[in-house]
Number of protein chains: 2
Amino acid sequence: MIRTRITDLFGIQYPIIQGGMIWCSGWQLASAVSNAGGLGLIGGGSMPPEVFRVHIQKCKVATNQPFGVNIPLLFVHADEQIKIAVEEGVKIIFTSAGSPKKYTAYLKEQGIKVVHVVANAVFARKSEEAGVDAVVAEGFEAGGHNGKEETTTMVLIPEVCAAVKIPVIAAGGIASGKAMLASFALGAEAVQVGSRFVTSEESSAHLNFKMKILDAQPGDTKLRMTKLVPVRLLKNAFDEQVEKLENQGATAEQLAELLGKGRSRKGMFEGDLVDGELEIGQVSALISAIKPAKLIVDELVEEFNHYRLYLANL
Amino acid sequence: MIRTRITDLFGIQYPIIQGGMIWCSGWQLASAVSNAGGLGLIGGGSMPPEVFRVHIQKCKVATNQPFGVNIPLLFVHADEQIKIAVEEGVKIIFTSAGSPKKYTAYLKEQGIKVVHVVANAVFARKSEEAGVDAVVAEGFEAGGHNGKEETTTMVLIPEVCAAVKIPVIAAGGIASGKAMLASFALGAEAVQVGSRFVTSEESSAHLNFKMKILDAQPGDTKLRMTKLVPVRLLKNAFDEQVEKLENQGATAEQLAELLGKGRSRKGMFEGDLVDGELEIGQVSALISAIKPAKLIVDELVEEFNHYRLYLANL
């Protein structure tokens, strides 16, 4: 038992949140993490509305513990997903990639807990003003979409903690109990773990993608499109194309065209490691095995507890 | 008292090392940090050989505690500085920006403790093989010169700890006892603090530069020249020139010419905030006061001790 404002907010046993990620986190993963005492999130960003509804319905059957959904607000189906989540009685919604002002008041009226994902202190404050219950502060090392300031988790967490009174969930570079403890030392009251759950047994990422993550070495991910919509990718032939276009000074439209061809589905869900887009964090270099989600949660908690006692007695 | 292999190695009270930085860390700062129970380092990288010798001599008078020097190996005066440090009986040498093979064996023969600064696990292992006593692992968020992999402190420290058996000193993003505790949670046995000591009373940085650091906001530093010799700079007119040249696809020579005009001296030592180069870490956004070095050390230790007990009892 590790009690913080976040465990109280969601009514969960451990302050461990599984990031709601495209192509990787359906109802199987979300329910497994929730059943293990953390908070599982269904990643709406890669789901058509009716698929999203089915995942929520199956998750309700698979767990009687709290779970949530993540909805990227710039996603074309965001409006419909918000509607579906409310209809299906989802109690916890994480929003990202958009303005926290858009839905927060409405969702709070429905009795839903709302968390917004930010990459800087200014947006954390805006989220607090919009009425969210907590923020996820995601550092430069995180996989997938990211902020333009390039602020790392080590610096971002104290910045966001100083900017808001609501609890802060740390994300970016966290795949172990040690990194979870580091995040708490910096002021976080929970962690959001992405990359490590991508490689869990219950993740819907393609096995090719999972194996590629296990093989990743330090320096094998890179933040691309830093001037448009920064996104951290694992290096491969597709990533090289992105880099080449960027170096040629490509326009947003040219890059959008390259990215728009179902590349993330192709890479992460269909396992095309050459032409697919592979979103993953820097911490992939530290991940070495595919494990059940429950074991990942247990290992995080055990290591966290071991090292906080070690540090206390140093 | 916080005992680790690093405090034992150097015979110091606290596992806090003041980074040996160009234009900021002369004998006044190094001796103040050593007298406060940490390890002060004279930053050789901006000193002609005879100035370097005078700083060592003055430091020996100003403290009877262990202190060291930092020598960037690519610096034109590196050979002479190594010679002077040995002649003057310096007991601790940190080397950076070059091969750890070059001087380590020789220095070890002289009974000198040697530490090499790295930004990735491969160089950490090479340093260990070369016989160094410890490594500084410096993350993407650190000020000044940096690695090409862009690995952040949160990810780098566990990577380096897994790669070597010698103790690891964490650097990059560390300006508080909380960040120091986070580094220890990740496996470090000491921290190297740069930016916060730049703003200390004893730092030889120009007051204009110190005040500019206190004003820095999140996102105000940027890693420049990422394809040549990455360096983290505070945004100003000079930095805009660097960015513009980079965006135009400037050659290494063109950038070297822009940088070669005494820019760091002009900015950091002479206080020219427009045309000078200002090397500082992301964590500058979290620094809010000029304080004596002893108070900085005391605050780091007090906060570290406070939060490790807090975490133990969570």
# chains A, B, ... in the order shown; residues from 1 in each chain; ligands from 1

$ residues_around --residues "Gly11 of chain B" --least-positions-apart "2" --cutoff "10 Å" --atoms "only C-alpha atoms" --output "ChimeraX atom specification"
/B:3,5-9,13-15,37-39,65-67

$ calpha_fit_and_write --fixed "chain B" --moving "chain A" --output "compact mmCIF listing (two decimals) with C-alpha atoms, in the first residue's frame"
# COMPACT_ATOMS: atom_id res chain seq x y z
CA MET A 1 26.83 12.16 6.88
CA ILE A 2 25.83 10.29 3.75
CA ARG A 3 28.33 7.53 3.06
CA THR A 4 28.81 6.06 -0.42
CA ARG A 5 31.75 4.73 -2.43
CA ILE A 6 32.23 8.27 -3.71
CA THR A 7 32.53 9.89 -0.27
CA ASP A 8 35.00 7.13 0.64
CA LEU A 9 36.94 7.57 -2.62
CA PHE A 10 37.50 11.30 -2.12
CA GLY A 11 37.36 11.44 1.67
CA ILE A 12 34.53 13.97 1.65
CA GLN A 13 31.57 14.44 3.97
CA TYR A 14 28.74 14.77 1.42
CA PRO A 15 28.37 13.12 -2.02
CA ILE A 16 28.03 16.50 -3.70
CA ILE A 17 30.48 17.55 -6.40
CA GLN A 18 30.58 21.02 -7.86
CA GLY A 19 31.03 20.72 -11.61
CA GLY A 20 34.28 22.13 -12.97
CA MET A 21 32.85 24.68 -15.37
CA ILE A 22 34.44 27.18 -17.71
CA TRP A 23 34.43 30.83 -16.59
CA CYS A 24 32.53 30.06 -13.35
CA SER A 25 34.54 27.78 -11.13
CA GLY A 26 37.87 29.14 -9.98
CA TRP A 27 39.59 28.59 -6.64
CA GLN A 28 37.04 30.72 -4.75
CA LEU A 29 34.12 28.46 -5.63
CA ALA A 30 36.07 25.19 -5.47
CA SER A 31 37.49 25.91 -2.02
CA ALA A 32 34.11 27.11 -0.71
CA VAL A 33 32.41 23.88 -1.78
CA SER A 34 35.23 21.74 -0.36
CA ASN A 35 35.13 23.68 2.91
CA ALA A 36 31.37 23.01 3.04
CA GLY A 37 31.92 19.25 2.93
CA GLY A 38 31.43 18.63 -0.79
CA LEU A 39 34.06 18.34 -3.51
CA GLY A 40 35.02 21.55 -5.28
CA LEU A 41 36.53 21.42 -8.76
CA ILE A 42 38.55 24.09 -10.50
CA GLY A 43 37.34 24.29 -14.11
CA GLY A 44 40.48 24.27 -16.23
CA GLY A 45 38.71 24.59 -19.58
CA SER A 46 38.82 28.39 -19.69
CA MET A 47 42.24 28.93 -18.09
CA PRO A 48 45.63 29.44 -19.71
CA PRO A 49 48.17 27.11 -18.05
CA GLU A 50 49.73 29.62 -15.67
CA VAL A 51 46.33 30.96 -14.56
CA PHE A 52 45.33 27.35 -13.90
CA ARG A 53 48.45 26.91 -11.73
CA VAL A 54 47.64 30.02 -9.70
CA HIS A 55 44.10 28.80 -9.07
CA ILE A 56 45.41 25.46 -7.78
CA GLN A 57 47.92 27.19 -5.54
CA LYS A 58 45.30 29.55 -4.10
CA CYS A 59 42.85 26.68 -3.60
CA LYS A 60 45.47 24.77 -1.56
CA VAL A 61 45.76 27.79 0.72
CA ALA A 62 42.00 28.35 0.96
CA THR A 63 41.05 24.82 2.02
CA ASN A 64 42.60 21.86 3.78
CA GLN A 65 39.81 19.65 2.47
CA PRO A 66 40.01 17.52 -0.70
CA PHE A 67 39.46 19.41 -3.95
CA GLY A 68 40.03 18.59 -7.61
CA VAL A 69 40.31 19.99 -11.11
CA ASN A 70 38.41 19.40 -14.34
CA ILE A 71 40.43 19.23 -17.56
CA PRO A 72 38.59 18.96 -20.93
CA LEU A 73 40.91 16.77 -22.97
CA LEU A 74 40.15 18.45 -26.28
CA PHE A 75 41.23 21.79 -24.80
CA VAL A 76 44.37 23.13 -26.44
CA HIS A 77 46.14 23.36 -23.05
CA ALA A 78 45.11 19.89 -21.78
CA ASP A 79 48.65 18.45 -21.91
CA GLU A 80 50.12 21.34 -19.98
CA GLN A 81 47.28 21.35 -17.46
CA ILE A 82 47.78 17.66 -16.73
CA LYS A 83 51.47 18.39 -16.15
CA ILE A 84 50.71 21.35 -13.87
CA ALA A 85 48.10 19.43 -11.85
CA VAL A 86 50.62 16.66 -11.20
CA GLU A 87 53.38 19.14 -10.31
CA GLU A 88 51.07 20.96 -7.89
CA GLY A 89 50.11 17.72 -6.16
CA VAL A 90 46.41 17.75 -7.14
CA LYS A 91 44.90 14.49 -5.85
CA ILE A 92 41.66 14.37 -7.85
CA ILE A 93 41.31 14.97 -11.60
CA PHE A 94 38.08 14.92 -13.59
CA THR A 95 38.63 14.60 -17.34
CA SER A 96 36.01 15.23 -20.01
CA ALA A 97 35.55 15.70 -23.75
CA GLY A 98 38.14 13.21 -24.99
CA SER A 99 39.42 9.67 -24.61
CA PRO A 100 39.80 8.35 -21.05
CA LYS A 101 42.68 6.20 -22.33
CA LYS A 102 44.93 9.16 -22.91
CA TYR A 103 46.02 10.06 -19.36
CA THR A 104 44.29 7.70 -16.92
CA ALA A 105 47.08 5.13 -16.53
CA TYR A 106 49.71 7.84 -16.08
CA LEU A 107 47.61 9.76 -13.54
CA LYS A 108 46.81 6.58 -11.57
CA GLU A 109 50.57 5.87 -11.37
CA GLN A 110 50.94 9.27 -9.70
CA GLY A 111 48.41 8.20 -7.06
CA ILE A 112 45.73 10.52 -8.43
CA LYS A 113 42.02 9.65 -8.37
CA VAL A 114 40.62 9.93 -11.88
CA VAL A 115 37.01 10.46 -12.94
CA HIS A 116 35.83 10.75 -16.53
CA VAL A 117 32.66 12.50 -17.70
CA VAL A 118 30.45 10.53 -20.11
CA ALA A 119 27.05 10.92 -21.76
CA ASN A 120 26.42 7.27 -22.64
CA ALA A 121 26.93 3.73 -21.36
CA VAL A 122 29.48 2.78 -24.04
CA PHE A 123 31.90 5.50 -22.96
CA ALA A 124 31.26 4.64 -19.32
CA ARG A 125 32.49 1.11 -20.02
CA LYS A 126 35.49 2.41 -21.97
CA SER A 127 36.33 4.67 -19.04
CA GLU A 128 36.12 1.77 -16.62
CA GLU A 129 38.41 -0.27 -18.89
CA ALA A 130 40.84 2.64 -18.95
CA GLY A 131 41.05 2.39 -15.18
CA VAL A 132 39.14 5.44 -13.91
CA ASP A 133 37.84 5.38 -10.34
CA ALA A 134 34.37 6.64 -11.18
CA VAL A 135 32.36 8.21 -13.97
CA VAL A 136 30.13 11.25 -14.16
CA ALA A 137 27.06 10.39 -16.26
CA GLU A 138 25.67 13.62 -17.65
CA GLY A 139 22.15 13.77 -19.07
CA PHE A 140 20.62 15.71 -21.96
CA GLU A 141 19.32 18.41 -19.60
CA ALA A 142 22.83 19.44 -18.51
CA GLY A 143 24.33 22.78 -19.49
CA GLY A 144 27.27 23.17 -21.84
CA HIS A 145 28.69 20.31 -23.88
CA ASN A 146 26.60 17.22 -24.16
CA GLY A 147 26.20 13.85 -25.90
CA LYS A 148 24.65 13.11 -29.28
CA GLU A 149 22.33 10.37 -28.00
CA GLU A 150 20.25 12.95 -26.07
CA THR A 151 19.72 10.47 -23.23
CA THR A 152 18.19 12.14 -20.18
CA THR A 153 19.45 11.76 -16.63
CA MET A 154 16.41 9.63 -15.72
CA VAL A 155 17.34 7.04 -18.35
CA LEU A 156 21.12 7.52 -18.46
CA ILE A 157 21.88 6.82 -14.80
CA PRO A 158 20.33 3.32 -14.78
CA GLU A 159 21.99 2.59 -18.16
CA VAL A 160 25.43 3.57 -16.90
CA CYS A 161 24.94 1.83 -13.55
CA ALA A 162 24.12 -1.37 -15.43
CA ALA A 163 27.18 -0.98 -17.68
CA VAL A 164 29.93 -0.49 -15.04
CA LYS A 165 30.91 -1.67 -11.58
CA ILE A 166 32.65 1.55 -10.54
CA PRO A 167 30.52 4.21 -8.81
CA VAL A 168 28.44 6.60 -10.90
CA ILE A 169 28.05 10.33 -10.28
CA ALA A 170 24.82 11.76 -11.72
CA ALA A 171 24.79 15.11 -13.52
CA GLY A 172 22.18 17.05 -15.46
CA GLY A 173 19.05 18.61 -13.99
CA ILE A 174 20.22 18.43 -10.38
CA ALA A 175 19.88 21.67 -8.40
CA SER A 176 17.97 20.51 -5.32
CA GLY A 177 18.03 17.87 -2.61
CA LYS A 178 14.97 16.31 -4.24
CA ALA A 179 16.77 15.87 -7.55
CA MET A 180 19.80 14.57 -5.65
CA LEU A 181 17.54 11.99 -4.00
CA ALA A 182 16.04 11.10 -7.38
CA SER A 183 19.56 10.50 -8.72
CA PHE A 184 20.34 8.20 -5.80
CA ALA A 185 17.09 6.31 -6.38
CA LEU A 186 18.33 5.71 -9.95
CA GLY A 187 21.60 4.25 -8.66
CA ALA A 188 24.01 7.20 -8.43
CA GLU A 189 26.36 7.46 -5.46
CA ALA A 190 26.95 11.19 -5.77
CA VAL A 191 25.72 14.14 -7.78
CA GLN A 192 27.61 16.72 -9.80
CA VAL A 193 25.85 20.07 -9.58
CA GLY A 194 26.66 22.71 -12.17
CA SER A 195 24.03 25.38 -12.86
CA ARG A 196 23.15 25.98 -9.22
CA PHE A 197 26.80 26.67 -8.35
CA VAL A 198 27.11 29.02 -11.33
CA THR A 199 24.71 31.27 -9.41
CA SER A 200 26.59 30.92 -6.11
CA GLU A 201 28.21 33.98 -4.56
CA GLU A 202 31.69 32.51 -5.02
CA SER A 203 31.18 31.70 -8.72
CA SER A 204 33.24 33.84 -11.07
CA ALA A 205 30.34 34.07 -13.53
CA HIS A 206 29.47 37.68 -14.27
CA LEU A 207 26.58 39.05 -12.20
CA ASN A 208 24.64 39.76 -15.42
CA PHE A 209 24.84 36.06 -16.28
CA LYS A 210 23.79 35.03 -12.77
CA MET A 211 20.79 37.36 -12.88
CA LYS A 212 19.84 36.07 -16.34
CA ILE A 213 19.84 32.52 -14.93
CA LEU A 214 17.54 33.55 -12.08
CA ASP A 215 15.14 34.97 -14.69
CA ALA A 216 15.21 31.86 -16.89
CA GLN A 217 11.83 30.25 -17.54
CA PRO A 218 11.02 26.64 -18.54
CA GLY A 219 12.04 26.12 -22.15
CA ASP A 220 14.62 28.95 -22.13
CA THR A 221 17.58 26.65 -22.83
CA LYS A 222 18.11 24.63 -25.97
CA LEU A 223 20.57 21.99 -27.13
CA ARG A 224 22.32 23.51 -30.15
CA MET A 225 24.66 22.05 -32.78
CA THR A 226 23.19 18.62 -32.16
CA LYS A 227 24.91 17.16 -35.21
CA LEU A 228 28.37 18.55 -34.48
CA VAL A 229 29.27 19.24 -30.85
CA PRO A 230 25.99 19.49 -28.93
CA VAL A 231 25.98 22.31 -26.38
CA ARG A 232 23.09 23.54 -24.23
CA LEU A 233 22.70 27.32 -24.31
CA LEU A 234 20.42 29.88 -22.77
CA LYS A 235 18.39 31.64 -25.47
CA ASN A 236 19.66 35.08 -26.45
CA ALA A 237 20.65 36.98 -29.59
CA PHE A 238 23.84 34.92 -29.98
CA ASP A 239 21.90 31.69 -29.60
CA GLU A 240 19.50 32.89 -32.30
CA GLN A 241 22.48 33.35 -34.63
CA VAL A 242 23.57 29.77 -33.91
CA GLU A 243 20.05 28.50 -34.56
CA LYS A 244 19.79 30.45 -37.80
CA LEU A 245 23.12 29.10 -39.08
CA GLU A 246 22.09 25.58 -38.11
CA ASN A 247 18.77 25.87 -39.92
CA GLN A 248 20.65 27.03 -43.02
CA GLY A 249 22.67 23.81 -42.85
CA ALA A 250 25.91 25.51 -41.79
CA THR A 251 29.14 23.52 -41.86
CA ALA A 252 31.14 22.67 -38.77
CA GLU A 253 33.66 25.31 -39.84
CA GLN A 254 31.05 28.05 -40.11
CA LEU A 255 29.69 27.25 -36.67
CA ALA A 256 33.18 26.97 -35.21
CA GLU A 257 33.96 30.41 -36.58
CA LEU A 258 30.90 31.92 -34.93
CA LEU A 259 31.66 30.19 -31.65
CA GLY A 260 35.38 30.72 -31.75
CA LYS A 261 35.32 34.42 -31.11
CA GLY A 262 35.65 34.27 -27.35
CA ARG A 263 31.90 34.03 -27.11
CA SER A 264 31.72 32.05 -23.87
CA ARG A 265 34.14 34.43 -22.11
CA LYS A 266 32.13 37.36 -23.43
CA GLY A 267 28.83 35.97 -22.16
CA MET A 268 29.61 34.10 -18.98
CA PHE A 269 32.61 36.06 -17.64
CA GLU A 270 32.15 39.55 -19.09
CA GLY A 271 28.37 39.57 -18.83
CA ASP A 272 27.49 40.37 -22.45
CA LEU A 273 24.00 38.86 -22.56
CA VAL A 274 23.45 39.78 -26.20
CA ASP A 275 26.53 38.64 -28.10
CA GLY A 276 27.90 36.20 -25.55
CA GLU A 277 27.48 32.41 -25.31
CA LEU A 278 25.62 31.41 -22.15
CA GLU A 279 26.07 27.74 -21.22
CA ILE A 280 23.59 26.58 -18.61
CA GLY A 281 21.31 23.63 -17.84
CA GLN A 282 17.53 23.21 -18.22
CA VAL A 283 17.33 23.33 -14.44
CA SER A 284 18.14 27.06 -14.55
CA ALA A 285 14.36 27.56 -14.64
CA LEU A 286 14.24 26.20 -11.07
CA ILE A 287 16.98 28.44 -9.63
CA SER A 288 15.74 31.59 -7.92
CA ALA A 289 18.47 33.07 -5.71
CA ILE A 290 22.17 33.78 -5.45
CA LYS A 291 23.49 32.09 -2.31
CA PRO A 292 26.83 31.23 -0.74
CA ALA A 293 28.17 27.82 -1.83
CA LYS A 294 28.02 26.54 1.76
CA LEU A 295 24.31 27.32 1.99
CA ILE A 296 23.70 25.52 -1.31
CA VAL A 297 25.48 22.42 0.01
CA ASP A 298 23.59 22.60 3.31
CA GLU A 299 20.23 22.99 1.56
CA LEU A 300 20.92 20.05 -0.75
CA VAL A 301 21.81 17.83 2.20
CA GLU A 302 18.88 18.96 4.34
CA GLU A 303 16.33 18.47 1.57
CA PHE A 304 17.85 15.09 0.63
CA ASN A 305 17.55 13.93 4.24
CA HIS A 306 14.05 15.31 4.67
CA TYR A 307 12.62 13.65 1.57
CA ARG A 308 14.28 10.28 2.01
CA LEU A 309 12.52 10.00 5.36
CA TYR A 310 9.29 11.26 3.82
CA LEU A 311 9.48 8.57 1.11
CA ALA A 312 10.30 5.85 3.61
CA ASN A 313 7.13 6.64 5.54
CA LEU A 314 4.77 7.19 2.63

$ select_by_dssp --residues "segment 230-264 of chain B" --states "alpha helix (DSSP H)" --output "number ranges by chain"
B: 237-247, 252-259, 263-264

$ select_by_dssp --residues "segment 93-211 of chain A" --states "strand (DSSP E)" --output "list in words"
Ile93, Phe94, Thr95, Ser96, Lys113, Val114, Val115, His116, Val117, Val118, Ala134, Val135, Val136, Ala137, Glu138, Gly144, His145, Val168, Ile169, Ala170, Ala171, Ala190, Val191, Gln192 and Val193 of chain A

$ write_last_selection --atoms "N, CA and C atoms" --output "PDB file, in the first residue's frame"
ATOM      1  N   ILE A  93     -11.284   9.825 -17.017  1.00  0.00           N
ATOM      2  CA  ILE A  93     -10.868  10.142 -18.391  1.00  0.00           C
ATOM      3  C   ILE A  93      -9.580  10.955 -18.381  1.00  0.00           C
ATOM      4  N   PHE A  94      -8.584  10.466 -19.086  1.00  0.00           N
ATOM      5  CA  PHE A  94      -7.351  11.215 -19.325  1.00  0.00           C
ATOM      6  C   PHE A  94      -7.485  11.843 -20.709  1.00  0.00           C
ATOM      7  N   THR A  95      -7.274  13.155 -20.789  1.00  0.00           N
ATOM      8  CA  THR A  95      -7.267  13.821 -22.094  1.00  0.00           C
ATOM      9  C   THR A  95      -5.849  14.289 -22.396  1.00  0.00           C
ATOM     10  N   SER A  96      -5.537  14.401 -23.676  1.00  0.00           N
ATOM     11  CA  SER A  96      -4.192  14.821 -24.076  1.00  0.00           C
ATOM     12  C   SER A  96      -4.280  15.518 -25.418  1.00  0.00           C
ATOM     13  N   LYS A 113     -13.771  11.816 -13.081  1.00  0.00           N
ATOM     14  CA  LYS A 113     -12.445  12.348 -12.739  1.00  0.00           C
ATOM     15  C   LYS A 113     -11.709  12.630 -14.035  1.00  0.00           C
ATOM     16  N   VAL A 114     -11.110  13.812 -14.121  1.00  0.00           N
ATOM     17  CA  VAL A 114     -10.447  14.221 -15.365  1.00  0.00           C
ATOM     18  C   VAL A 114      -8.970  14.534 -15.106  1.00  0.00           C
ATOM     19  N   VAL A 115      -8.130  13.984 -15.949  1.00  0.00           N
ATOM     20  CA  VAL A 115      -6.684  14.234 -15.878  1.00  0.00           C
ATOM     21  C   VAL A 115      -6.235  14.684 -17.260  1.00  0.00           C
ATOM     22  N   HIS A 116      -5.388  15.716 -17.308  1.00  0.00           N
ATOM     23  CA  HIS A 116      -4.879  16.161 -18.600  1.00  0.00           C
ATOM     24  C   HIS A 116      -3.367  15.942 -18.659  1.00  0.00           C
ATOM     25  N   VAL A 117      -2.896  15.576 -19.842  1.00  0.00           N
ATOM     26  CA  VAL A 117      -1.463  15.316 -20.040  1.00  0.00           C
ATOM     27  C   VAL A 117      -0.797  16.586 -20.558  1.00  0.00           C
ATOM     28  N   VAL A 118       0.298  16.999 -19.887  1.00  0.00           N
ATOM     29  CA  VAL A 118       1.010  18.216 -20.291  1.00  0.00           C
ATOM     30  C   VAL A 118       2.507  17.944 -20.387  1.00  0.00           C
ATOM     31  N   ALA A 134      -6.058  16.233 -11.765  1.00  0.00           N
ATOM     32  CA  ALA A 134      -4.613  15.969 -11.711  1.00  0.00           C
ATOM     33  C   ALA A 134      -4.039  16.193 -13.101  1.00  0.00           C
ATOM     34  N   VAL A 135      -2.707  16.280 -13.169  1.00  0.00           N
ATOM     35  CA  VAL A 135      -2.061  16.349 -14.477  1.00  0.00           C
ATOM     36  C   VAL A 135      -1.009  15.256 -14.583  1.00  0.00           C
ATOM     37  N   VAL A 136      -0.824  14.771 -15.800  1.00  0.00           N
ATOM     38  CA  VAL A 136       0.344  13.945 -16.120  1.00  0.00           C
ATOM     39  C   VAL A 136       1.378  14.892 -16.710  1.00  0.00           C
ATOM     40  N   ALA A 137       2.581  14.917 -16.124  1.00  0.00           N
ATOM     41  CA  ALA A 137       3.672  15.728 -16.668  1.00  0.00           C
ATOM     42  C   ALA A 137       4.642  14.783 -17.357  1.00  0.00           C
ATOM     43  N   GLU A 138       4.746  14.948 -18.671  1.00  0.00           N
ATOM     44  CA  GLU A 138       5.474  13.982 -19.491  1.00  0.00           C
ATOM     45  C   GLU A 138       6.756  14.589 -20.032  1.00  0.00           C
ATOM     46  N   GLY A 144       6.332   8.572 -28.244  1.00  0.00           N
ATOM     47  CA  GLY A 144       5.192   9.195 -28.892  1.00  0.00           C
ATOM     48  C   GLY A 144       5.234  10.708 -28.851  1.00  0.00           C
ATOM     49  N   HIS A 145       4.060  11.338 -28.836  1.00  0.00           N
ATOM     50  CA  HIS A 145       3.976  12.789 -28.927  1.00  0.00           C
ATOM     51  C   HIS A 145       4.519  13.470 -27.690  1.00  0.00           C
ATOM     52  N   VAL A 168       0.438  15.612  -9.187  1.00  0.00           N
ATOM     53  CA  VAL A 168       1.166  15.467 -10.445  1.00  0.00           C
ATOM     54  C   VAL A 168       1.572  14.001 -10.642  1.00  0.00           C
ATOM     55  N   ILE A 169       1.286  13.495 -11.824  1.00  0.00           N
ATOM     56  CA  ILE A 169       1.666  12.136 -12.220  1.00  0.00           C
ATOM     57  C   ILE A 169       2.847  12.258 -13.171  1.00  0.00           C
ATOM     58  N   ALA A 170       3.966  11.599 -12.833  1.00  0.00           N
ATOM     59  CA  ALA A 170       5.175  11.711 -13.658  1.00  0.00           C
ATOM     60  C   ALA A 170       5.150  10.685 -14.789  1.00  0.00           C
ATOM     61  N   ALA A 171       5.601  11.115 -15.964  1.00  0.00           N
ATOM     62  CA  ALA A 171       5.708  10.206 -17.106  1.00  0.00           C
ATOM     63  C   ALA A 171       6.953  10.547 -17.906  1.00  0.00           C
ATOM     64  N   ALA A 190       2.271   9.842  -8.371  1.00  0.00           N
ATOM     65  CA  ALA A 190       2.019   8.606  -9.106  1.00  0.00           C
ATOM     66  C   ALA A 190       2.902   8.655 -10.350  1.00  0.00           C
ATOM     67  N   VAL A 191       3.013   7.498 -10.999  1.00  0.00           N
ATOM     68  CA  VAL A 191       3.747   7.460 -12.265  1.00  0.00           C
ATOM     69  C   VAL A 191       2.828   6.929 -13.357  1.00  0.00           C
ATOM     70  N   GLN A 192       3.059   7.405 -14.565  1.00  0.00           N
ATOM     71  CA  GLN A 192       2.393   6.813 -15.730  1.00  0.00           C
ATOM     72  C   GLN A 192       3.470   6.084 -16.536  1.00  0.00           C
ATOM     73  N   VAL A 193       3.294   4.799 -16.678  1.00  0.00           N
ATOM     74  CA  VAL A 193       4.280   3.948 -17.336  1.00  0.00           C
ATOM     75  C   VAL A 193       3.756   3.556 -18.717  1.00  0.00           C
TER      76      VAL A 193
END
